[in-house]
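One file, model_1.cif, carrying mmCIF, C-alpha atoms and all ligand atoms:
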data_my_file
#
loop_
_atom_site.label_atom_id
_atom_site.label_comp_id
_atom_site.auth_asym_id
_atom_site.auth_seq_id
_atom_site.Cartn_x
_atom_site.Cartn_y
_atom_site.Cartn_z
CA MET A 27 -17.07 -48.53 -57.17
CA LYS A 28 -18.43 -45.05 -56.43
CA ALA A 29 -18.77 -43.76 -52.89
CA TYR A 30 -22.33 -44.45 -51.75
CA LYS A 31 -22.98 -40.78 -51.05
CA ASP A 32 -22.41 -40.04 -54.74
CA LEU A 33 -25.04 -42.54 -55.91
CA SER A 34 -28.37 -41.22 -57.17
CA LYS A 35 -31.60 -42.28 -55.45
CA GLU A 36 -32.33 -44.72 -58.29
CA GLU A 37 -28.88 -46.23 -58.02
CA LEU A 38 -29.28 -46.62 -54.27
CA LEU A 39 -32.68 -48.29 -54.70
CA THR A 40 -31.29 -50.75 -57.24
CA LEU A 41 -28.37 -51.49 -54.95
CA GLN A 42 -30.72 -51.97 -52.01
CA LYS A 43 -32.72 -54.59 -53.90
CA GLN A 44 -29.61 -56.53 -54.80
CA LEU A 45 -28.18 -56.34 -51.24
CA ASN A 46 -31.45 -57.47 -49.69
CA LYS A 47 -31.49 -60.46 -52.02
CA GLU A 48 -27.94 -61.36 -50.95
CA TYR A 49 -28.98 -60.99 -47.31
CA GLU A 50 -31.89 -63.41 -47.73
CA GLU A 51 -29.53 -65.92 -49.33
CA ALA A 52 -27.05 -65.49 -46.46
CA LYS A 53 -29.83 -65.99 -43.91
CA ALA A 54 -30.84 -69.23 -45.57
CA LYS A 55 -27.37 -70.60 -44.74
CA GLU A 56 -28.37 -70.54 -41.05
CA LEU A 57 -24.94 -69.43 -39.87
CA LYS A 58 -24.02 -69.71 -36.20
CA LEU A 59 -20.83 -67.65 -35.79
CA ASP A 60 -19.39 -65.61 -32.94
CA MET A 61 -17.08 -62.62 -33.42
CA SER A 62 -18.01 -61.05 -30.10
CA ARG A 63 -15.34 -61.77 -27.49
CA GLY A 64 -11.57 -61.82 -27.61
CA LYS A 65 -11.11 -65.45 -26.74
CA PRO A 66 -8.22 -67.58 -28.03
CA ALA A 67 -9.33 -70.28 -30.44
CA ALA A 68 -9.30 -73.96 -29.49
CA SER A 69 -6.27 -74.43 -31.77
CA GLN A 70 -4.32 -71.93 -29.62
CA LEU A 71 -5.31 -73.75 -26.45
CA ASP A 72 -4.46 -77.15 -27.96
CA MET A 73 -0.98 -75.81 -28.63
CA GLU A 74 -0.55 -75.24 -24.89
CA MET A 75 -1.16 -78.77 -23.67
CA ASP A 76 2.52 -79.39 -22.85
CA PHE A 77 2.06 -76.67 -20.28
CA MET A 78 0.05 -79.18 -18.27
CA ASN A 79 2.90 -81.68 -18.36
CA VAL A 80 5.67 -79.52 -16.89
CA LEU A 81 4.48 -80.39 -13.40
CA ASN A 82 3.29 -83.84 -12.42
CA ALA A 83 3.33 -86.10 -9.39
CA ASP A 84 7.08 -86.74 -9.88
CA SER A 85 8.06 -83.06 -10.08
CA ILE A 86 9.90 -81.15 -7.44
CA PHE A 87 7.60 -78.37 -6.32
CA LYS A 88 10.25 -76.22 -4.69
CA THR A 89 11.28 -72.70 -5.70
CA GLU A 90 14.94 -71.94 -6.32
CA ALA A 91 15.17 -70.81 -2.71
CA GLY A 92 13.71 -74.11 -1.56
CA VAL A 93 10.15 -73.01 -0.67
CA ASP A 94 7.55 -75.73 -1.17
CA CYS A 95 4.94 -74.34 -3.59
CA ARG A 96 2.41 -76.93 -2.43
CA ASN A 97 2.13 -75.22 0.92
CA TYR A 98 1.10 -71.80 2.26
CA GLY A 99 3.55 -68.92 2.02
CA ILE A 100 4.95 -66.15 -0.17
CA MET A 101 1.84 -64.01 -0.43
CA ASP A 102 3.26 -61.71 -3.11
CA GLY A 103 4.31 -64.43 -5.55
CA ILE A 104 7.33 -66.69 -5.87
CA PRO A 105 10.47 -64.67 -6.72
CA GLU A 106 11.05 -66.39 -10.05
CA ALA A 107 7.47 -65.62 -11.20
CA ARG A 108 7.90 -61.99 -10.12
CA LYS A 109 11.12 -61.84 -12.12
CA LEU A 110 9.49 -63.46 -15.16
CA ILE A 111 6.65 -60.92 -15.17
CA GLY A 112 9.03 -58.06 -14.32
CA ASP A 113 11.21 -58.94 -17.33
CA VAL A 114 8.17 -59.13 -19.60
CA LEU A 115 7.08 -55.65 -18.47
CA GLY A 116 10.62 -54.27 -18.37
CA VAL A 117 10.52 -53.52 -14.64
CA SER A 118 12.36 -54.87 -11.59
CA ALA A 119 10.93 -57.91 -9.77
CA ASP A 120 10.87 -55.67 -6.68
CA ASN A 121 8.10 -53.69 -8.35
CA VAL A 122 5.92 -56.74 -9.02
CA ILE A 123 3.33 -58.72 -7.07
CA VAL A 124 2.00 -61.87 -8.70
CA PHE A 125 -1.62 -62.52 -7.75
CA GLY A 126 -4.11 -65.14 -8.91
CA ASN A 127 -5.64 -66.07 -12.21
CA ALA A 128 -6.95 -62.80 -13.66
CA SER A 129 -5.85 -59.18 -13.91
CA LEU A 130 -9.42 -57.90 -14.03
CA ASN A 131 -9.80 -59.18 -10.51
CA ILE A 132 -6.78 -57.11 -9.37
CA MET A 133 -8.23 -54.03 -11.06
CA TYR A 134 -11.60 -54.58 -9.39
CA ASP A 135 -9.96 -55.02 -5.98
CA THR A 136 -7.83 -51.93 -6.52
CA VAL A 137 -10.89 -49.78 -7.16
CA ALA A 138 -12.82 -51.46 -4.30
CA ARG A 139 -9.92 -50.91 -1.85
CA SER A 140 -9.70 -47.25 -2.84
CA GLU A 141 -13.45 -46.88 -2.32
CA ILE A 142 -13.47 -48.55 1.09
CA PHE A 143 -10.08 -47.67 2.58
CA GLY A 144 -8.69 -44.88 0.42
CA VAL A 145 -5.28 -44.67 -1.23
CA MET A 146 -2.24 -44.25 1.02
CA GLY A 147 -3.91 -42.19 3.72
CA GLU A 148 -6.29 -40.19 1.50
CA THR A 149 -10.05 -40.07 2.12
CA PRO A 150 -11.84 -43.28 1.06
CA TRP A 151 -13.64 -42.54 -2.19
CA CYS A 152 -16.97 -43.73 -0.78
CA LYS A 153 -16.92 -40.74 1.56
CA LEU A 154 -16.49 -38.24 -1.26
CA ASP A 155 -19.40 -36.56 -3.05
CA LYS A 156 -17.94 -37.21 -6.44
CA VAL A 157 -15.31 -39.52 -7.87
CA LYS A 158 -14.47 -39.40 -11.58
CA PHE A 159 -12.49 -41.63 -13.95
CA LEU A 160 -11.32 -40.73 -17.41
CA CYS A 161 -12.19 -43.31 -20.03
CA PRO A 162 -10.38 -43.24 -23.36
CA VAL A 163 -12.99 -44.19 -25.99
CA PRO A 164 -13.59 -46.52 -27.60
CA GLY A 165 -12.30 -48.73 -24.80
CA TYR A 166 -12.69 -51.99 -22.88
CA ASP A 167 -16.23 -52.67 -21.67
CA ARG A 168 -15.15 -54.51 -18.52
CA HIS A 169 -13.09 -51.55 -17.29
CA PHE A 170 -16.13 -49.34 -17.66
CA ALA A 171 -18.32 -51.92 -15.91
CA ILE A 172 -16.09 -51.77 -12.80
CA THR A 173 -16.23 -47.99 -12.45
CA GLU A 174 -19.94 -47.98 -13.27
CA GLN A 175 -20.64 -50.51 -10.52
CA PHE A 176 -19.01 -48.24 -7.93
CA GLY A 177 -20.99 -45.22 -9.11
CA ILE A 178 -17.85 -43.48 -10.37
CA GLU A 179 -18.61 -40.84 -12.99
CA MET A 180 -16.96 -41.74 -16.27
CA ILE A 181 -15.74 -39.08 -18.66
CA ASN A 182 -15.09 -39.94 -22.30
CA VAL A 183 -11.67 -38.96 -23.66
CA PRO A 184 -11.25 -39.48 -27.40
CA MET A 185 -8.51 -41.87 -28.55
CA THR A 186 -6.07 -40.97 -31.30
CA GLU A 187 -3.55 -43.23 -33.01
CA ASP A 188 -1.00 -42.03 -30.42
CA GLY A 189 -3.18 -42.71 -27.38
CA PRO A 190 -5.77 -40.64 -25.51
CA ASP A 191 -6.18 -36.91 -26.28
CA MET A 192 -3.49 -35.73 -23.86
CA ASP A 193 -4.54 -32.07 -23.89
CA MET A 194 -7.86 -33.16 -22.44
CA VAL A 195 -6.24 -35.63 -20.01
CA GLU A 196 -3.86 -32.92 -18.67
CA GLU A 197 -6.63 -30.36 -18.40
CA LEU A 198 -8.90 -32.70 -16.40
CA VAL A 199 -6.31 -34.51 -14.24
CA ASN A 200 -4.32 -31.40 -13.35
CA THR A 201 -7.30 -29.26 -12.36
CA ASP A 202 -10.07 -31.50 -10.97
CA PRO A 203 -9.39 -33.22 -7.61
CA ALA A 204 -12.40 -35.51 -8.18
CA VAL A 205 -10.53 -37.21 -11.04
CA LYS A 206 -8.96 -40.25 -9.36
CA GLY A 207 -8.05 -42.45 -12.27
CA ILE A 208 -7.85 -43.17 -15.96
CA TRP A 209 -8.29 -46.53 -17.68
CA CYS A 210 -5.52 -47.18 -20.21
CA VAL A 211 -4.74 -50.11 -22.49
CA PRO A 212 -1.43 -48.69 -23.72
CA LYS A 213 -0.36 -51.39 -26.17
CA TYR A 214 -2.63 -52.74 -28.91
CA SER A 215 -5.54 -51.01 -27.19
CA ASN A 216 -8.89 -52.73 -26.93
CA PRO A 217 -10.57 -52.29 -29.44
CA GLN A 218 -8.51 -50.11 -31.82
CA GLY A 219 -5.15 -51.83 -31.47
CA TYR A 220 -3.35 -48.50 -31.04
CA THR A 221 -0.11 -48.23 -29.05
CA TYR A 222 0.62 -45.08 -27.08
CA SER A 223 3.48 -43.03 -28.54
CA ASP A 224 6.60 -42.18 -26.51
CA GLU A 225 5.36 -38.61 -26.25
CA THR A 226 2.02 -39.77 -24.83
CA VAL A 227 3.75 -41.96 -22.22
CA LYS A 228 6.02 -39.09 -21.20
CA ARG A 229 3.05 -36.71 -20.94
CA PHE A 230 1.30 -39.26 -18.74
CA ALA A 231 4.37 -39.52 -16.51
CA ALA A 232 4.60 -35.73 -16.24
CA LEU A 233 0.98 -35.19 -15.13
CA LYS A 234 0.55 -32.97 -12.09
CA PRO A 235 -2.68 -34.36 -10.66
CA ALA A 236 -4.94 -32.17 -8.55
CA ALA A 237 -5.74 -35.32 -6.50
CA LYS A 238 -2.89 -36.90 -4.52
CA ASP A 239 -4.62 -40.27 -4.90
CA PHE A 240 -4.94 -40.05 -8.68
CA ARG A 241 -3.56 -43.18 -10.35
CA ILE A 242 -3.09 -44.26 -13.96
CA TYR A 243 -4.65 -47.71 -14.41
CA TRP A 244 -2.18 -49.00 -17.01
CA ASP A 245 -3.67 -52.29 -18.22
CA ASN A 246 -0.84 -53.73 -20.27
CA ALA A 247 -2.93 -56.76 -21.25
CA TYR A 248 -1.33 -57.06 -24.71
CA VAL A 249 2.29 -56.32 -23.81
CA ILE A 250 3.75 -59.23 -25.81
CA HIS A 251 0.78 -59.99 -28.04
CA ASP A 252 2.35 -59.04 -31.36
CA LEU A 253 1.11 -60.44 -34.66
CA TYR A 254 4.37 -59.88 -36.51
CA GLU A 255 7.95 -60.60 -35.49
CA GLU A 256 9.40 -57.82 -37.68
CA LYS A 257 6.88 -55.05 -37.16
CA LYS A 258 6.08 -54.91 -33.48
CA ASP A 259 4.79 -51.78 -31.77
CA THR A 260 6.99 -50.60 -28.91
CA LEU A 261 5.86 -48.94 -25.71
CA LEU A 262 7.91 -46.98 -23.19
CA ASP A 263 7.99 -48.32 -19.64
CA ILE A 264 5.60 -46.12 -17.68
CA ILE A 265 7.01 -47.10 -14.27
CA SER A 266 10.51 -45.73 -14.96
CA GLU A 267 9.09 -42.71 -16.82
CA CYS A 268 6.97 -41.85 -13.76
CA GLU A 269 10.04 -42.26 -11.54
CA LYS A 270 12.09 -39.96 -13.77
CA ALA A 271 9.30 -37.36 -13.77
CA GLY A 272 9.14 -37.35 -9.97
CA ASN A 273 5.79 -39.19 -9.88
CA PRO A 274 6.85 -42.70 -8.80
CA ASP A 275 3.52 -43.57 -7.14
CA MET A 276 1.20 -42.39 -9.91
CA VAL A 277 0.75 -45.65 -11.81
CA TYR A 278 -0.57 -49.18 -11.33
CA GLU A 279 0.38 -51.50 -14.17
CA PHE A 280 -1.62 -54.70 -14.68
CA CYS A 281 -0.98 -57.74 -16.85
CA SER A 282 -1.70 -61.45 -17.06
CA THR A 283 -0.93 -64.58 -19.01
CA SER A 284 -4.61 -65.08 -19.89
CA LYS A 285 -3.81 -64.94 -23.60
CA VAL A 286 -0.39 -66.53 -23.23
CA THR A 287 -1.40 -69.81 -21.59
CA PHE A 288 -5.06 -70.36 -20.60
CA PRO A 289 -7.62 -67.58 -20.02
CA GLY A 290 -8.91 -68.00 -16.48
CA SER A 291 -6.00 -70.27 -15.56
CA GLY A 292 -3.04 -67.99 -16.11
CA ILE A 293 -1.21 -65.79 -13.64
CA ALA A 294 -1.86 -62.09 -13.18
CA ALA A 295 0.29 -59.33 -11.77
CA LEU A 296 0.47 -55.77 -10.58
CA ALA A 297 3.58 -53.62 -11.05
CA ALA A 298 3.93 -50.36 -9.14
CA SER A 299 6.25 -48.38 -6.86
CA LYS A 300 7.44 -49.97 -3.64
CA ALA A 301 5.31 -47.50 -1.63
CA ASN A 302 2.17 -48.54 -3.53
CA LEU A 303 2.98 -52.24 -3.19
CA ASP A 304 3.71 -51.95 0.54
CA PHE A 305 0.38 -50.21 1.07
CA ILE A 306 -1.51 -52.81 -0.96
CA LYS A 307 0.20 -55.71 0.84
CA LYS A 308 -1.25 -54.55 4.16
CA PHE A 309 -4.69 -55.29 2.76
CA MET A 310 -3.67 -58.44 0.93
CA THR A 311 -2.52 -60.08 4.18
CA ILE A 312 -6.12 -59.92 5.39
CA GLN A 313 -7.57 -61.02 2.05
CA THR A 314 -5.46 -64.11 1.42
CA ILE A 315 -2.66 -66.30 2.74
CA GLY A 316 -1.36 -66.59 -0.77
CA TYR A 317 -2.25 -67.28 -4.37
CA ASP A 318 -1.72 -70.36 -6.53
CA LYS A 319 2.05 -70.86 -6.38
CA VAL A 320 1.85 -74.19 -8.19
CA ASN A 321 0.56 -72.34 -11.25
CA GLN A 322 3.22 -69.67 -10.83
CA LEU A 323 5.89 -72.38 -10.75
CA ARG A 324 4.33 -74.08 -13.77
CA HIS A 325 4.60 -70.85 -15.75
CA VAL A 326 8.24 -70.38 -14.76
CA ARG A 327 9.22 -73.95 -15.64
CA TYR A 328 7.31 -73.84 -18.95
CA PHE A 329 8.70 -70.54 -20.29
CA LYS A 330 12.05 -70.45 -18.40
CA ASP A 331 12.36 -66.69 -18.98
CA ALA A 332 10.79 -63.66 -20.66
CA GLU A 333 12.51 -64.46 -23.95
CA GLY A 334 10.95 -67.93 -23.82
CA MET A 335 7.54 -66.36 -23.31
CA LYS A 336 8.01 -63.89 -26.15
CA ALA A 337 9.17 -66.63 -28.52
CA HIS A 338 6.12 -68.63 -27.53
CA MET A 339 3.85 -65.71 -28.42
CA MET A 340 4.98 -66.02 -32.03
CA LYS A 341 3.24 -69.42 -32.11
CA HIS A 342 0.01 -67.70 -31.13
CA ALA A 343 0.74 -65.04 -33.74
CA ALA A 344 1.04 -67.71 -36.43
CA ILE A 345 -2.55 -68.75 -35.69
CA LEU A 346 -3.95 -65.25 -35.19
CA ARG A 347 -2.25 -63.41 -38.06
CA PRO A 348 -4.10 -65.13 -40.94
CA LYS A 349 -7.39 -64.42 -39.15
CA PHE A 350 -6.71 -60.72 -38.79
CA GLU A 351 -5.50 -60.59 -42.37
CA ALA A 352 -8.63 -62.41 -43.60
CA VAL A 353 -10.79 -59.73 -41.98
CA PHE A 354 -8.61 -56.89 -43.33
CA HIS A 355 -8.83 -58.44 -46.79
CA VAL A 356 -12.64 -58.65 -46.82
CA LEU A 357 -13.03 -55.12 -45.39
CA GLU A 358 -10.56 -53.73 -47.90
CA SER A 359 -11.95 -55.47 -50.95
CA GLU A 360 -15.62 -54.94 -50.10
CA LEU A 361 -15.70 -51.51 -48.48
CA ASN A 362 -12.71 -49.54 -49.69
CA GLY A 363 -13.77 -46.33 -51.44
CA LEU A 364 -17.46 -46.65 -50.52
CA GLY A 365 -17.24 -44.06 -47.76
CA ILE A 366 -19.43 -46.10 -45.40
CA GLY A 367 -16.91 -47.23 -42.81
CA SER A 368 -13.34 -47.11 -41.60
CA TRP A 369 -11.38 -49.61 -39.59
CA THR A 370 -8.08 -50.08 -37.81
CA GLU A 371 -5.35 -52.53 -38.85
CA PRO A 372 -3.56 -53.42 -35.60
CA LYS A 373 -0.23 -55.20 -35.49
CA GLY A 374 -1.16 -57.04 -32.32
CA GLY A 375 -3.75 -57.56 -29.61
CA TYR A 376 -7.10 -59.22 -30.10
CA PHE A 377 -9.38 -56.69 -31.78
CA ILE A 378 -10.20 -54.60 -34.81
CA SER A 379 -12.25 -51.45 -34.41
CA PHE A 380 -14.80 -50.52 -37.08
CA ASP A 381 -16.53 -47.17 -37.40
CA ALA A 382 -19.73 -47.15 -39.43
CA LEU A 383 -21.69 -44.09 -40.55
CA GLU A 384 -23.26 -42.29 -37.59
CA GLY A 385 -26.40 -43.92 -36.26
CA CYS A 386 -25.72 -47.26 -37.97
CA ALA A 387 -23.79 -49.45 -35.48
CA LYS A 388 -26.77 -50.83 -33.53
CA LYS A 389 -28.66 -51.69 -36.71
CA ILE A 390 -25.62 -53.42 -38.23
CA VAL A 391 -25.10 -55.55 -35.11
CA GLU A 392 -28.82 -56.45 -35.05
CA LYS A 393 -28.85 -57.35 -38.72
CA CYS A 394 -25.79 -59.58 -38.30
CA LYS A 395 -27.42 -61.33 -35.35
CA GLU A 396 -30.60 -61.96 -37.32
CA ALA A 397 -28.49 -63.81 -39.88
CA GLY A 398 -26.54 -65.81 -37.28
CA VAL A 399 -23.38 -63.75 -36.67
CA VAL A 400 -22.90 -62.48 -33.13
CA LEU A 401 -20.83 -59.31 -32.68
CA THR A 402 -19.95 -57.38 -29.52
CA GLY A 403 -23.02 -55.27 -28.66
CA ALA A 404 -22.93 -51.82 -30.24
CA GLY A 405 -22.16 -49.25 -27.56
CA ALA A 406 -20.15 -51.74 -25.45
CA THR A 407 -16.94 -49.87 -26.21
CA TYR A 408 -18.25 -46.76 -24.41
CA PRO A 409 -19.00 -45.99 -20.74
CA TYR A 410 -22.64 -46.69 -19.84
CA LYS A 411 -22.82 -48.55 -23.20
CA LYS A 412 -23.60 -45.22 -24.84
CA ASP A 413 -21.74 -44.54 -28.04
CA PRO A 414 -22.76 -40.92 -28.71
CA LYS A 415 -22.43 -41.43 -32.47
CA ASP A 416 -23.71 -45.03 -32.54
CA SER A 417 -20.93 -45.86 -34.97
CA ASN A 418 -18.28 -48.04 -33.26
CA ILE A 419 -18.26 -51.83 -33.57
CA ARG A 420 -15.59 -54.10 -32.09
CA LEU A 421 -14.59 -57.09 -34.20
CA ALA A 422 -12.90 -60.00 -32.45
CA PRO A 423 -11.31 -62.30 -35.04
CA SER A 424 -9.55 -64.75 -32.71
CA PHE A 425 -12.17 -67.36 -31.88
CA PRO A 426 -13.70 -68.55 -35.18
CA THR A 427 -11.76 -70.69 -37.64
CA PRO A 428 -10.43 -68.84 -40.73
CA GLU A 429 -13.26 -70.32 -42.85
CA GLU A 430 -15.90 -69.22 -40.35
CA LEU A 431 -14.27 -65.84 -40.11
CA ALA A 432 -14.42 -65.29 -43.86
CA MET A 433 -18.17 -66.13 -43.83
CA ALA A 434 -18.79 -63.93 -40.78
CA THR A 435 -16.93 -60.97 -42.27
CA ASP A 436 -18.72 -61.35 -45.61
CA LEU A 437 -22.00 -61.12 -43.76
CA PHE A 438 -20.75 -58.20 -41.71
CA VAL A 439 -19.82 -56.12 -44.76
CA LEU A 440 -23.15 -56.99 -46.37
CA CYS A 441 -24.97 -55.68 -43.28
CA VAL A 442 -22.80 -52.54 -43.25
CA LYS A 443 -23.80 -51.90 -46.87
CA ILE A 444 -27.51 -52.52 -46.28
CA VAL A 445 -27.74 -50.29 -43.21
CA SER A 446 -25.68 -47.55 -44.88
CA VAL A 447 -27.91 -47.55 -47.97
CA GLU A 448 -30.98 -47.33 -45.70
CA LYS A 449 -29.46 -44.32 -43.97
CA LEU A 450 -28.60 -42.59 -47.23
CA LEU A 451 -32.10 -43.15 -48.59
CA LYS A 452 -33.70 -41.41 -45.60
N1 LIG B 1 -7.65 -56.20 -20.01
C1 LIG B 1 -7.96 -56.10 -21.32
C2 LIG B 1 -7.64 -54.85 -22.06
C3 LIG B 1 -8.59 -57.15 -21.96
O1 LIG B 1 -8.91 -57.02 -23.26
C4 LIG B 1 -8.90 -58.32 -21.25
C5 LIG B 1 -9.59 -59.44 -21.89
O2 LIG B 1 -10.09 -59.35 -22.97
C6 LIG B 1 -8.55 -58.38 -19.90
C7 LIG B 1 -7.92 -57.31 -19.31
C8 LIG B 1 -8.86 -59.57 -19.06
O3 LIG B 1 -7.69 -60.04 -18.49
P1 LIG B 1 -7.68 -61.17 -17.36
O4 LIG B 1 -8.07 -62.44 -18.00
O5 LIG B 1 -6.27 -61.16 -16.88
O6 LIG B 1 -8.64 -60.74 -16.30
#
Just give me the structure as structure tokens.
Ligand code: PLP
Amino acid sequence: MKAYKDLSKEELLTLQKQLNKEYEEAKAKELKLDMSRGKPAASQLDMEMDFMNVLNADSIFKTEAGVDCRNYGIMDGIPEARKLIGDVLGVSADNVIVFGNASLNIMYDTVARSEIFGVMGETPWCKLDKVKFLCPVPGYDRHFAITEQFGIEMINVPMTEDGPDMDMVEELVNTDPAVKGIWCVPKYSNPQGYTYSDETVKRFAALKPAAKDFRIYWDNAYVIHDLYEEKKDTLLDIISECEKAGNPDMVYEFCSTSKVTFPGSGIAALAASKANLDFIKKFMTIQTIGYDKVNQLRHVRYFKDAEGMKAHMMKHAAILRPKFEAVFHVLESELNGLGIGSWTEPKGGYFISFDALEGCAKKIVEKCKEAGVVLTGAGATYPYKKDPKDSNIRLAPSFPTPEELAMATDLFVLCVKIVSVEKLLK
């Protein structure tokens, strides 16, 4: 098949007729499919039901040190849960606090605390004229929603396959004291599925921020979410790299078991330097007496250790892999060589990123919706929901069944073709 840009006007008009006919036929099927959010499928959740059986009325609810998890106490998480998470992240349990059920909540509280009380003795952000965050794009909509809600100015930093454009990051962080943070999803990034290279991690660790209270918001949401046993991406540990570079306090690392056990009912954690954790704990003692230790204990008993958790992730991979591959297959066979879109092929995480011709993303998403396939809103992957090129679309293959996914992706590529032809005919 020729690239669309090489087709004559007549050829494009003929193609348009045929595509529109296919679209009407697809619409008649009255599809109701959702490829919008990165939720595990019911089959993944069904696989977890033994998790509910590891603790029951006959269980002993005590930690190894004999603390009763049914009662108040241990605000920063039971030691064995801190060790479990520490081992997953490759950091010491001393650098970990286990919180409640969601990492997004910890991120929100971290920004809110910095706004209200400041970071380790620095001026609270709410008293400053301007606070800025760097936002690698495309990125995670809910990160951007937090900084938007607090009126923090968000600056787009383009992503590359190795991570954010580090020349730009260094230039902005090292010279502008208003830059207080950067949102990062360093492994299997949302939505592109890129993993930061060793060089990128080392350049992050070696930053010389103009603001003392600048922090890297390292959201390691997909740390063990590989699709393949043999070809996993690897990521350097930012905490030890920052220590080595003489910047031990510069990073907050977040993670959770939302896509390991049950989203909304997992455990979430923050890893950081002891100085950061001590500062944060002063505020936590006012906020809570403690989080859900029963759930922490349940996680520890279910997985036993980090290796147990990683092995378990391969069961999720067995369900997710064919779905990702089904999408790759349809994109490859239907769009390759047409010059109307490019996409990523991640080896883990929950998303695929698609770039359409400029000015086409919104129309493609609308057209899919009209025919019963819901995609993440175009623009959602950018701060303020403004994709300057209107070209990025996030595909989330996890939730539908493989059959539904094949139908949804067929419709998606059809809509990409229709909208691209329209653009080329203008
Ligand atoms: N961080 C990223 C990058 C995500 O993609 C998601 C969910 O999609 C989350 C955080 C949400 O995590 P949690 O359920 O722990 O709040």
Within-9 Å residues of ligand LIG 1 (chain B), basis all atoms listed in the file, as number ranges by chain: A: 63-65, 127-133, 165-169, 210-212, 214-217, 245-248, 280-285, 288-295, 375-377
Suppose you want the space between atom CA of A:His338 and atom CA of A:Val286; what is it in Å? 8.1 Å
Shell around A:Tyr254 at 12 Å using all atoms listed in the file, local window under 6 positions removed, as a ChimeraX atom specification: /A:336-337,339-348,350-351,372-375
Put those residues in a file: C-alpha atoms, as an mmCIF file, in the frame of the given file.
data_model
loop_
_atom_site.group_PDB
_atom_site.id
_atom_site.type_symbol
_atom_site.label_atom_id
_atom_site.label_comp_id
_atom_site.auth_asym_id
_atom_site.auth_seq_id
_atom_site.Cartn_x
_atom_site.Cartn_y
_atom_site.Cartn_z
ATOM 1 C CA LYS A 336 8.010 -63.890 -26.150
ATOM 2 C CA ALA A 337 9.170 -66.630 -28.520
ATOM 3 C CA MET A 339 3.850 -65.710 -28.420
ATOM 4 C CA MET A 340 4.980 -66.020 -32.030
ATOM 5 C CA LYS A 341 3.240 -69.420 -32.110
ATOM 6 C CA HIS A 342 0.010 -67.700 -31.130
ATOM 7 C CA ALA A 343 0.740 -65.040 -33.740
ATOM 8 C CA ALA A 344 1.040 -67.710 -36.430
ATOM 9 C CA ILE A 345 -2.550 -68.750 -35.690
ATOM 10 C CA LEU A 346 -3.950 -65.250 -35.190
ATOM 11 C CA ARG A 347 -2.250 -63.410 -38.060
ATOM 12 C CA PRO A 348 -4.100 -65.130 -40.940
ATOM 13 C CA PHE A 350 -6.710 -60.720 -38.790
ATOM 14 C CA GLU A 351 -5.500 -60.590 -42.370
ATOM 15 C CA PRO A 372 -3.560 -53.420 -35.600
ATOM 16 C CA LYS A 373 -0.230 -55.200 -35.490
ATOM 17 C CA GLY A 374 -1.160 -57.040 -32.320
ATOM 18 C CA GLY A 375 -3.750 -57.560 -29.610
#
Pairwise distance, atom CA of A:Gly316 with atom CA of A:Arg96, equals 11.1 Å
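Take the candidates A:Lys330, A:Lys395, A:Tyr278, A:Val249 and check each one against A:Lys109 using all atoms listed in the file; the shortest distance goes to A:Lys330.
Remark: for A:Pro235, the closest of the candidate residues A:Ile250, A:Val320, A:Leu198, A:Leu110 is A:Leu198 (distances computed over only C-alpha atoms).
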Residue list as an MDAnalysis selection string for point (-6.2, -40.0, -6.7), cut-off 12 Å, all atoms listed in the file: chainID A and resid 137 140:141 144:151 154 157:160 199:200 202:208 234:243 275:278
One decimal, Å: what's the distance from atom CA of A:Asp416 over to atom CA of A:Ala387, could you say? 5.3 Å
Using only C-alpha atoms, can you tell me which of A:Gly126, A:Pro423, A:Gly334, A:Gly398 comes closest to A:Leu59? A:Gly398
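Between A:Val442 and the candidates A:Leu115, A:Ile378, A:Leu303, A:Leu383, the tightest atom-to-atom separation, counting only C-alpha atoms, involves A:Leu383.
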Would you mind completing stretch 54-61 of chain A so that it carries N, CA and C atoms, and writing it out as a compact mmCIF listing (two decimals), in the frame of the given file?
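Saved the output as rebuild.txt:
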# COMPACT_ATOMS: atom_id res chain seq x y z
N ALA A 54 -30.44 -67.84 -45.30
CA ALA A 54 -30.84 -69.23 -45.57
C ALA A 54 -29.72 -70.21 -45.21
N LYS A 55 -28.49 -69.70 -45.11
CA LYS A 55 -27.37 -70.60 -44.74
C LYS A 55 -27.38 -70.96 -43.27
N GLU A 56 -28.23 -70.29 -42.49
CA GLU A 56 -28.37 -70.54 -41.05
C GLU A 56 -27.02 -70.57 -40.33
N LEU A 57 -26.25 -69.51 -40.52
CA LEU A 57 -24.94 -69.43 -39.87
C LEU A 57 -25.09 -69.36 -38.36
N LYS A 58 -24.07 -69.86 -37.66
CA LYS A 58 -24.02 -69.71 -36.20
C LYS A 58 -22.58 -69.36 -35.86
N LEU A 59 -22.23 -68.07 -35.95
CA LEU A 59 -20.83 -67.65 -35.79
C LEU A 59 -20.72 -66.57 -34.73
N ASP A 60 -19.56 -66.55 -34.06
CA ASP A 60 -19.39 -65.61 -32.94
C ASP A 60 -18.10 -64.81 -33.11
N MET A 61 -18.25 -63.52 -33.34
CA MET A 61 -17.08 -62.62 -33.42
C MET A 61 -17.17 -61.60 -32.29
